[in-house]
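S.K.: Just passing along the structure, written as structure tokens.
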Amino acid sequence: MRALVKTPGLPVKASPANTRVRGDQKNLDELTSRRRRKPPESMDSGGDDGGVPENANEHCPGTQSETAGKEDACAGCPNQQICATAPKGPDPDLLAIIERMNTVKHKILVLSGKGGVGKSTFSAQLSFALAEMDYQVGLLDIDICGPSIPKMLGLEGQGIHQSNLGWQPVYVESNLGVMSIGFMLPNQDDAVIWRGPRKNGLIKQFLKDVDWGDINYLVVDSPPGTSDEHISIVQYLQIAGIDGAIIVTTPQQVSLIDVRKEINFCKKVGVPVLGVVENMSGLRQALSELRFVKLGESGETDATEWALNYIKENAPELLSVVACCEVFDSSKGGAEKMCSEMGVPFLGKVPMDPQLCRAAEEGRSCFIDQKCRASAPALKEIIKKLIKTQ
């Protein structure tokens with residue numbers, strides 16, 4: 001059987017089922033280019049003025065008018081060409097998104113106000129945990145410029161395949177599928193240098209063209225901040241019913257300042273905040289895994305072997321003790337206090353665990369062995385709370 005591969009902006013071509021969706025940067029750009037031009041954001045007012053941009057000429061008929069860009073009043077307007085060719089009325093792709101998302105029971109967005117707080121690590125481990133609880137799970141990576149999910153799921157080097165049902169996720173297990181632009185890059189070191197509209201076009205294509213099948217949870221890992229990707233994913237998922245957002249932060253104020261903005265973003269766009277996770281909440285590491293040094297005038301010298309031998313000989317019971325250290329200043333109450341002030345749920349704290357970092361680097365679940373003794377129990381408690389709210 002031959003499947004029709006429809007790429008926006010290009011003619012429809014016949015292609016064998018299971019065609020691999022990869023190629024050079026030019027092909028990737030073509031694959032995700034917008035099918036039709038869209039008016040500038042200043043036109044998307046949606047108000048009674050018919051979407052009149054601020055820089056429009058006097059007597060502008062409005063961007064949604066059938067005569068937009070064609071009347072005498074439009075002559076010389078900087079938006080004339082865009083208005084004349086822009087689509088009018090509702091986006092026809094929204095129906096395709098609704099149809100696809102009808103097979104997804106729960107849709108959860110994972111956000112962070114600032115980068116580097118462990119949001120993708122949390123998304124990956126949340127997906128692993130749900131799959132290990134026998135749920136059917138999909139993980140969608142919409143961090144277009146910095147896709148890290150393929151590595152954290154152990155899927156580097158994999159590619160997307162096209163079937164007669166749509167794009168096929170890459171599977172970690174039979175009940176855990178993943179989709180990311182990282183699978184489409186010919187070289188993992190390639191930079192994706194795209195403006196907002198092209199990013200939004202790919203997000204739309206992920207939602208309407210990926211064949212997730214009947215699944216219980218779709219976890220959406222987003223980039224940090226509140227930019228184009230967030231507006232697009234919220235706009236598209238709201239029409240299909242989104243459960244809400246989990247926001248990941250660290251304890252220090254420089255992260256919490258941005259998380260407050262993220263919470264306000266959710267409130268403004270009508271996305272329920274399922275809860276906030278305080279990640280990297282103090283370092284937890286077994287004493288036997290620590291490295292010891294002696295400081296001197298000429299620098300530091302390694303003293304690990306001497307220190308561990310001394311402990312074995314004089315206090316062997318200490319080798320089973322976990323060392324704790326507050327890496328970030330949480331004297332002002334951290335995420336828990338912020339949640340209380342802003343009226344959103346606090347899901348819990350996950351300590352900074354070097355074993356969890358290693359699990360993420362190796363692309364494996366932190367729940368399959370006893371190595372992540374500090375972080376795995378904390379993550380399990382958070383996930384239990386989350387499931388109870390669904």
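Ordering of the structure tokens sets the chain letters (A, B, ...); residue numbers start at 1 within each chain; ligands are numbered from 1 in the order shown.
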Using 8 Å as the limit and counting only C-alpha atoms, can you tabulate each residue of region 40-139 of chain A that touches region 224-248 of chain A, with its shortest atom-to-atom distance in Å and the two atoms involved, as a tab-separated table?
M.R.:
```
residue	atom	partner	partner_atom	distance
A:Leu94	CA	A:Tyr236	CA	7.1
A:Ile97	CA	A:Tyr236	CA	7.3
A:Ile98	CA	A:Ala240	CA	5.1
A:Met101	CA	A:Ala240	CA	6.1
A:Asn102	CA	A:Ala240	CA	7.1
A:His106	CA	A:Asp243	CA	6.1
A:Lys107	CA	A:Ile242	CA	5.1
A:Ile108	CA	A:Gly244	CA	5.5
A:Leu109	CA	A:Ala245	CA	4.5
A:Val110	CA	A:Ile246	CA	4.9
A:Leu111	CA	A:Ile247	CA	4.7
A:Ser112	CA	A:Pro224	CA	5.0
A:Gly113	CA	A:Gly225	CA	4.8
A:Lys114	CA	A:Pro224	CA	5.3
A:Gly115	CA	A:Pro224	CA	5.3
A:Val117	CA	A:Val248	CA	6.9
A:Gly118	CA	A:Val248	CA	7.2
A:Lys119	CA	A:Val248	CA	5.7
A:Phe122	CA	A:Val248	CA	8.0
```
S.K.: Please identify all polymer residues within 12 Å of Pro150 (chain A), counting only C-alpha atoms, omitting same-chain residues fewer than 4 positions from it, and present them as a short mmCIF file (atom, residue, chain, number, x, y, z; two decimals) with all heavy atoms, in the first residue's frame.
M.R.:
```
data_model
loop_
_atom_site.label_atom_id
_atom_site.label_comp_id
_atom_site.auth_asym_id
_atom_site.auth_seq_id
_atom_site.Cartn_x
_atom_site.Cartn_y
_atom_site.Cartn_z
N SER A 120 12.85 18.97 31.52
CA SER A 120 12.85 17.83 30.60
C SER A 120 13.16 16.53 31.34
O SER A 120 12.60 15.48 31.00
CB SER A 120 13.86 18.06 29.47
OG SER A 120 13.47 19.14 28.65
N THR A 121 14.03 16.60 32.33
CA THR A 121 14.29 15.42 33.16
C THR A 121 13.01 14.97 33.85
O THR A 121 12.69 13.78 33.89
CB THR A 121 15.37 15.72 34.21
OG1 THR A 121 16.58 16.08 33.54
CG2 THR A 121 15.63 14.51 35.10
N SER A 123 9.90 15.61 32.84
CA SER A 123 8.99 15.11 31.81
C SER A 123 9.33 13.67 31.44
O SER A 123 8.44 12.82 31.30
CB SER A 123 9.06 15.99 30.56
OG SER A 123 8.61 17.29 30.82
N ALA A 124 10.61 13.40 31.27
CA ALA A 124 11.05 12.06 30.89
C ALA A 124 10.73 11.05 31.98
O ALA A 124 10.19 9.96 31.71
CB ALA A 124 12.56 12.07 30.59
N LEU A 139 4.95 11.03 24.76
CA LEU A 139 5.75 12.17 25.21
C LEU A 139 6.09 13.02 23.99
O LEU A 139 6.78 12.57 23.07
CB LEU A 139 7.03 11.69 25.89
CG LEU A 139 8.05 12.76 26.31
CD1 LEU A 139 7.43 13.82 27.20
CD2 LEU A 139 9.25 12.11 27.01
N LEU A 140 5.58 14.25 23.97
CA LEU A 140 5.77 15.17 22.85
C LEU A 140 6.73 16.27 23.25
O LEU A 140 6.48 17.01 24.21
CB LEU A 140 4.42 15.76 22.42
CG LEU A 140 4.46 16.84 21.33
CD1 LEU A 140 5.10 16.32 20.06
CD2 LEU A 140 3.06 17.37 21.06
N ASP A 141 7.82 16.38 22.54
CA ASP A 141 8.85 17.39 22.80
C ASP A 141 8.64 18.55 21.84
O ASP A 141 8.85 18.42 20.64
CB ASP A 141 10.22 16.75 22.57
CG ASP A 141 11.39 17.70 22.80
OD1 ASP A 141 11.14 18.82 23.28
OD2 ASP A 141 12.53 17.32 22.49
N ILE A 142 8.20 19.71 22.36
CA ILE A 142 8.00 20.89 21.50
C ILE A 142 9.08 21.95 21.74
O ILE A 142 8.91 23.10 21.36
CB ILE A 142 6.60 21.51 21.68
CG1 ILE A 142 6.40 22.05 23.10
CG2 ILE A 142 5.52 20.51 21.32
CD1 ILE A 142 5.20 22.96 23.23
N ASP A 143 10.19 21.54 22.35
CA ASP A 143 11.34 22.44 22.46
C ASP A 143 12.08 22.36 21.13
O ASP A 143 12.99 21.54 20.95
CB ASP A 143 12.24 22.02 23.62
CG ASP A 143 13.26 23.09 23.97
OD1 ASP A 143 13.49 23.99 23.12
OD2 ASP A 143 13.82 23.05 25.08
N GLY A 146 15.94 23.30 21.21
CA GLY A 146 16.79 22.54 22.13
C GLY A 146 16.17 21.22 22.53
O GLY A 146 15.88 20.99 23.71
N GLY A 154 16.86 7.68 25.71
CA GLY A 154 17.74 6.68 25.09
C GLY A 154 17.42 6.43 23.63
O GLY A 154 17.61 5.31 23.14
N LEU A 155 16.98 7.47 22.90
CA LEU A 155 16.51 7.29 21.52
C LEU A 155 17.34 8.09 20.51
O LEU A 155 16.88 8.34 19.40
CB LEU A 155 15.04 7.70 21.42
CG LEU A 155 14.05 6.89 22.24
CD1 LEU A 155 12.66 7.51 22.17
CD2 LEU A 155 14.01 5.44 21.76
N GLU A 156 18.52 8.49 20.87
CA GLU A 156 19.36 9.25 19.93
C GLU A 156 19.63 8.44 18.67
O GLU A 156 19.87 7.22 18.73
CB GLU A 156 20.68 9.63 20.60
CG GLU A 156 20.58 10.81 21.54
CD GLU A 156 21.93 11.23 22.05
OE1 GLU A 156 22.59 10.42 22.70
OE2 GLU A 156 22.32 12.39 21.80
N GLY A 157 19.56 9.10 17.54
CA GLY A 157 19.83 8.43 16.27
C GLY A 157 18.61 7.80 15.63
O GLY A 157 18.69 7.31 14.50
N GLN A 158 17.49 7.80 16.33
CA GLN A 158 16.26 7.23 15.77
C GLN A 158 15.61 8.23 14.81
O GLN A 158 15.88 9.43 14.87
CB GLN A 158 15.28 6.89 16.89
CG GLN A 158 15.80 5.84 17.87
CD GLN A 158 15.99 4.49 17.21
OE1 GLN A 158 15.15 4.04 16.45
NE2 GLN A 158 17.12 3.86 17.47
N GLY A 159 14.73 7.75 13.96
CA GLY A 159 14.04 8.61 13.00
C GLY A 159 12.55 8.37 13.01
O GLY A 159 12.08 7.31 13.46
N ILE A 160 11.80 9.34 12.50
CA ILE A 160 10.34 9.23 12.40
C ILE A 160 9.99 8.51 11.10
O ILE A 160 10.62 8.73 10.07
CB ILE A 160 9.70 10.63 12.41
CG1 ILE A 160 10.11 11.39 13.68
CG2 ILE A 160 8.18 10.52 12.34
CD1 ILE A 160 9.75 12.86 13.63
N PRO A 169 5.18 7.61 16.21
CA PRO A 169 6.11 7.94 17.29
C PRO A 169 7.24 6.92 17.35
O PRO A 169 7.11 5.79 16.86
CB PRO A 169 5.23 7.86 18.55
CG PRO A 169 3.83 7.94 18.06
CD PRO A 169 3.83 7.34 16.69
N VAL A 170 8.34 7.31 17.96
CA VAL A 170 9.44 6.39 18.23
C VAL A 170 9.18 5.78 19.61
O VAL A 170 8.97 6.51 20.58
CB VAL A 170 10.79 7.12 18.21
CG1 VAL A 170 11.93 6.16 18.50
CG2 VAL A 170 11.00 7.80 16.85
N TYR A 171 9.22 4.46 19.70
CA TYR A 171 8.80 3.79 20.93
C TYR A 171 9.99 3.34 21.77
O TYR A 171 10.93 2.72 21.28
CB TYR A 171 7.91 2.59 20.60
CG TYR A 171 6.51 3.02 20.22
CD1 TYR A 171 6.18 3.28 18.90
CD2 TYR A 171 5.54 3.21 21.20
CE1 TYR A 171 4.90 3.71 18.54
CE2 TYR A 171 4.26 3.64 20.86
CZ TYR A 171 3.95 3.88 19.53
OH TYR A 171 2.69 4.31 19.20
N VAL A 172 9.92 3.68 23.07
CA VAL A 172 10.87 3.17 24.05
C VAL A 172 10.42 1.78 24.48
O VAL A 172 11.20 0.82 24.52
CB VAL A 172 10.93 4.10 25.29
CG1 VAL A 172 11.99 3.60 26.27
CG2 VAL A 172 11.22 5.52 24.88
N GLY A 177 5.53 6.05 23.63
CA GLY A 177 5.96 6.60 22.36
C GLY A 177 6.43 8.04 22.51
O GLY A 177 5.95 8.77 23.37
N VAL A 178 7.37 8.44 21.66
CA VAL A 178 8.00 9.76 21.77
C VAL A 178 8.02 10.43 20.40
O VAL A 178 8.22 9.77 19.38
CB VAL A 178 9.45 9.63 22.30
CG1 VAL A 178 10.09 11.01 22.47
CG2 VAL A 178 9.48 8.87 23.62
N MET A 179 7.81 11.75 20.40
CA MET A 179 7.92 12.54 19.16
C MET A 179 8.72 13.81 19.46
O MET A 179 8.45 14.50 20.45
CB MET A 179 6.54 12.91 18.63
CG MET A 179 6.55 13.71 17.34
SD MET A 179 7.45 12.92 15.98
CE MET A 179 6.43 11.46 15.71
N SER A 180 9.68 14.10 18.59
CA SER A 180 10.54 15.26 18.78
C SER A 180 11.16 15.66 17.45
O SER A 180 11.38 14.81 16.58
CB SER A 180 11.65 14.94 19.79
OG SER A 180 12.63 15.96 19.83
N ILE A 181 11.45 16.94 17.31
CA ILE A 181 12.18 17.39 16.12
C ILE A 181 13.58 16.81 16.11
O ILE A 181 14.23 16.71 15.06
CB ILE A 181 12.23 18.93 16.05
CG1 ILE A 181 12.71 19.38 14.66
CG2 ILE A 181 13.12 19.50 17.14
CD1 ILE A 181 12.74 20.87 14.46
N GLY A 182 14.06 16.38 17.28
CA GLY A 182 15.38 15.76 17.35
C GLY A 182 15.52 14.54 16.47
O GLY A 182 16.62 14.19 16.03
N PHE A 183 14.40 13.86 16.19
CA PHE A 183 14.42 12.68 15.32
C PHE A 183 14.51 13.07 13.85
O PHE A 183 14.74 12.21 13.01
CB PHE A 183 13.15 11.84 15.53
CG PHE A 183 12.98 11.33 16.93
CD1 PHE A 183 11.74 11.38 17.56
CD2 PHE A 183 14.05 10.78 17.63
CE1 PHE A 183 11.57 10.89 18.84
CE2 PHE A 183 13.90 10.30 18.91
CZ PHE A 183 12.65 10.35 19.52
N MET A 184 14.29 14.34 13.54
CA MET A 184 14.22 14.79 12.15
C MET A 184 15.50 15.46 11.69
O MET A 184 15.65 15.75 10.51
CB MET A 184 13.04 15.76 11.99
CG MET A 184 11.71 15.16 12.40
SD MET A 184 10.40 16.40 12.54
CE MET A 184 10.18 16.84 10.83
N LEU A 185 16.41 15.72 12.60
CA LEU A 185 17.63 16.43 12.24
C LEU A 185 18.65 15.45 11.65
O LEU A 185 18.94 14.42 12.25
CB LEU A 185 18.24 17.11 13.47
CG LEU A 185 17.37 18.18 14.14
CD1 LEU A 185 18.05 18.70 15.40
CD2 LEU A 185 17.08 19.32 13.18
N GLN A 188 22.78 15.75 14.79
CA GLN A 188 22.31 16.19 16.10
C GLN A 188 22.91 17.53 16.53
O GLN A 188 22.41 18.17 17.44
CB GLN A 188 22.64 15.12 17.16
CG GLN A 188 21.88 13.82 16.95
CD GLN A 188 20.38 14.02 16.91
OE1 GLN A 188 19.80 14.61 17.82
NE2 GLN A 188 19.74 13.55 15.85
N ASP A 221 6.46 18.27 26.71
CA ASP A 221 7.62 18.97 27.26
C ASP A 221 7.87 20.22 26.43
O ASP A 221 8.12 20.14 25.23
CB ASP A 221 8.85 18.06 27.23
CG ASP A 221 10.05 18.71 27.88
OD1 ASP A 221 9.94 19.10 29.05
OD2 ASP A 221 11.10 18.84 27.21
N ALA A 360 19.39 10.29 33.48
CA ALA A 360 18.97 11.13 32.35
C ALA A 360 20.01 11.11 31.24
O ALA A 360 19.66 11.05 30.05
CB ALA A 360 18.72 12.56 32.83
N GLU A 361 21.28 11.15 31.60
CA GLU A 361 22.34 11.12 30.59
C GLU A 361 22.36 9.79 29.84
O GLU A 361 22.66 9.74 28.65
CB GLU A 361 23.71 11.34 31.28
CG GLU A 361 23.96 12.76 31.72
CD GLU A 361 24.22 13.68 30.54
OE1 GLU A 361 25.06 13.35 29.69
OE2 GLU A 361 23.56 14.73 30.47
N GLU A 362 22.00 8.72 30.55
CA GLU A 362 22.03 7.38 29.94
C GLU A 362 20.70 7.01 29.30
O GLU A 362 20.58 5.94 28.70
CB GLU A 362 22.40 6.35 31.01
CG GLU A 362 23.82 6.54 31.56
CD GLU A 362 24.13 5.63 32.74
OE1 GLU A 362 23.22 4.86 33.15
OE2 GLU A 362 25.26 5.69 33.25
N GLY A 363 19.70 7.88 29.42
CA GLY A 363 18.42 7.64 28.77
C GLY A 363 17.64 6.49 29.36
O GLY A 363 17.04 5.70 28.63
N ARG A 364 17.60 6.40 30.68
CA ARG A 364 16.88 5.30 31.34
C ARG A 364 16.02 5.81 32.48
O ARG A 364 16.18 6.93 32.96
CB ARG A 364 17.86 4.24 31.85
CG ARG A 364 18.89 4.77 32.84
CD ARG A 364 19.83 3.68 33.32
NE ARG A 364 20.91 4.23 34.12
CZ ARG A 364 20.80 4.50 35.43
NH1 ARG A 364 19.64 4.25 36.06
NH2 ARG A 364 21.82 5.01 36.11
#
```
S.K.: Would you mind reading off the distance between CA of Ser127 (chain A) and CA of Val219 (chain A), one decimal, in Å?
M.R.: 7.0 Å
S.K.: Pick from A:Thr389, A:Asn200, A:Ser288, A:Ser375: nearest to Val273 (chain A), with only C-alpha atoms counted?
M.R.: A:Thr389
S.K.: Just list as a ChimeraX atom specification whatever in region 168-368 of chain A DSSP marks as strand (DSSP E).
M.R.: /A:168,170-173,176-180,215-221,244-249,273-286,293-296,299-302,322-325,346-352
S.K.: Record the distance separating CA of Gly116 (chain A) and CA of Leu176 (chain A), expressed in Å with one decimal.
M.R.: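 For CA of Gly116 (chain A) relative to CA of Leu176 (chain A), the distance reads 24.7 Å.
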S.K.: Taking into account only C-alpha atoms, which residue in the set A:Leu356, A:Val271, A:Thr249, A:Glu300 is nearest to Cys339 (chain A)?
M.R.: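 The shortest atom-to-atom distance to Cys339 (chain A) comes from A:Thr249.
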S.K.: Could you pull out the residues in region 23-241 of chain A that DSSP calls alpha helix (DSSP H) from the backbone, as an MDAnalysis selection string?
M.R.: chainID A and resid 25:32 80:85 93:101 119:132 149:152 196:209 228:238
